[in-house]
Amino acid sequence: MSHENKQIVHIVDDDDAVRDSLSLLLSSVGLESRQYENAPSFLESNFQQTAGCIVLDIRMPGMSGMDLHEKLNEVGCHLPIIFITGHGDIPMAVEAMKRGAVEFVQKPFREQDLLDCINRALQIDAGRRASTQEVDAIRERLTTLTPREQQVMEMIVDGKANKVIAFDLNLSQRTVEIHRAHVMEKMQTKSLAELVRMVMLANS
């Protein structure tokens with residue numbers, strides 16, 4: 001994992017003692033963390049450039065955890081969020097789950113329960129980043145196709161046979177076969193099913 005993709009657990013909580021104990025807990029299992037005493041200080045950080053997840057207190061003075069979650073959704077931040085909630089916050093936490101939070105943990109929580117949630121969130125984040133990288137790589141390959149190869153590829157993906165493509169484009173079947181071979185080579189696949197999947201991913 002490159003330095004940019006090193007996963008960081010962002011702890012956003014107005015309680016110093018909670019932040020310190022969570023930071024110690026995470027370092028004891030080899031996880032790196034950053035601490036923020038309120039939502040605005042988190043928003044001012046370079047969180048968009050990091051991989052990882054956010055452990056967020058649902059109730060904070062000023063901008064609450066729910067407000068911050070809404071703001072992060074607005075700016076398209078996909079870091080998975082785990083809410084830390086008090087006893088009366090369950091309805092809010094359920095609402096947060098509906099809006100995309102990964103998990104909520106009720107105080108007082110068992111350290112292992114929180115670590116399990118954080119590990120799940122980190123796996124989700126890594127999975128999302130891997131699929132984003134795959135889509136970027138596919139789109140990059142698509143740019144290497146000539147306009148004619150692009151045309152042939154679209155017809156292949158539509159399920160048309162070489163002779164039909166040749167007729168439609170007024171080409172010889174041999175020429176279509178050559179274009180088809182170039183498409184498969186540039187897209188780095190030998191399988192039609194895989195090519196269809198790639199095009200669908202690139203267009204998603």
# chains A, B, ... in the order shown; residues from 1 in each chain; ligands from 1

$ residues_around --residues "Val152 in chain A" --least-positions-apart "4" --cutoff "9 Å" --atoms "only C-alpha atoms" --output "PyMOL selection string"
chain A and resi 147-148+156-157+165+169+176+179-180+183

$ write_last_selection --atoms "N, CA and C atoms" --output "CSV table (one decimal), in the first residue's frame"
chain,number,residue,atom,x,y,z
A,147,PRO,N,-11.0,5.5,-33.2
A,147,PRO,CA,-12.5,5.6,-33.3
A,147,PRO,C,-13.1,4.4,-34.0
A,148,ARG,N,-12.4,3.7,-34.9
A,148,ARG,CA,-13.0,2.5,-35.6
A,148,ARG,C,-13.0,1.4,-34.6
A,156,ILE,N,-19.5,-5.3,-30.8
A,156,ILE,CA,-19.2,-6.6,-30.2
A,156,ILE,C,-19.9,-6.8,-28.9
A,157,VAL,N,-19.9,-5.7,-28.1
A,157,VAL,CA,-20.6,-5.7,-26.8
A,157,VAL,C,-22.1,-5.8,-27.0
A,165,ILE,N,-21.1,-7.2,-38.2
A,165,ILE,CA,-20.3,-6.0,-38.0
A,165,ILE,C,-19.7,-5.6,-39.4
A,169,LEU,N,-20.6,-2.1,-41.2
A,169,LEU,CA,-19.6,-1.0,-41.4
A,169,LEU,C,-19.0,-1.0,-42.8
A,176,VAL,N,-12.5,-6.8,-39.7
A,176,VAL,CA,-13.3,-6.7,-38.4
A,176,VAL,C,-12.5,-7.6,-37.4
A,179,HIS,N,-9.6,-5.7,-36.1
A,179,HIS,CA,-10.0,-4.7,-35.2
A,179,HIS,C,-10.4,-5.3,-33.8
A,180,ARG,N,-11.1,-6.5,-34.0
A,180,ARG,CA,-11.5,-7.2,-32.7
A,180,ARG,C,-10.3,-7.6,-31.9
A,183,VAL,N,-8.8,-4.7,-30.2
A,183,VAL,CA,-9.7,-4.2,-29.0
A,183,VAL,C,-9.4,-5.1,-27.8

$ select_by_dssp --residues "chain A" --states "helix (DSSP H, G or I)" --output "VMD selection string"
chain A and resid 16 to 28 39 to 43 47 to 49 65 to 74 87 to 98 111 to 142 147 to 157 162 to 169 173 to 186 192 to 202

$ residues_around --residues "range 191-198 of chain A" --least-positions-apart "4" --cutoff "8 Å" --atoms "only C-alpha atoms" --output "list in words"
Val135, Ile138, Ile156, Val157, Met184, Met187 and Ala202 of chain A

$ residues_around --residues "range 31-40 of chain A" --least-positions-apart "3" --cutoff "7 Å" --atoms "only C-alpha atoms" --output "list in words"
Ile8, Val9, His10, Ile11, Val12, Asp13, Asp14, Arg19, Ser23, Leu26, Ser27, Leu43, Glu44, Met63 and Leu68 of chain A

$ select_by_dssp --residues "range 14-147 of chain A" --states "strand (DSSP E)" --output "list of chain:residue names"
A:Glu32, A:Ser33, A:Arg34, A:Gln35, A:Tyr36, A:Ala51, A:Gly52, A:Cys53, A:Ile54, A:Val55, A:Leu56, A:Asp57, A:Ile81, A:Ile82, A:Phe83, A:Ile84, A:Thr85, A:Glu103, A:Phe104, A:Val105, A:Gln106

$ residues_around --residues "Gln106 in chain A" --least-positions-apart "6" --cutoff "6 Å" --atoms "only C-alpha atoms" --output "ChimeraX atom specification"
/A:84-86

$ atom_distance --atom1 "CA of Val55 in chain A" --atom2 "CA of Ser41 in chain A"
14.3 Å

$ closest_residue --among "A:Leu122, A:Met66, A:Leu56, A:Met92" --to "Phe42 in chain A" --atoms "only C-alpha atoms"
A:Leu56

$ atom_distance --atom1 "CA of Ala96 in chain A" --atom2 "CA of His69 in chain A"
7.9 Å

$ atom_distance --atom1 "CA of Glu185 in chain A" --atom2 "CA of Gly127 in chain A"
26.7 Å
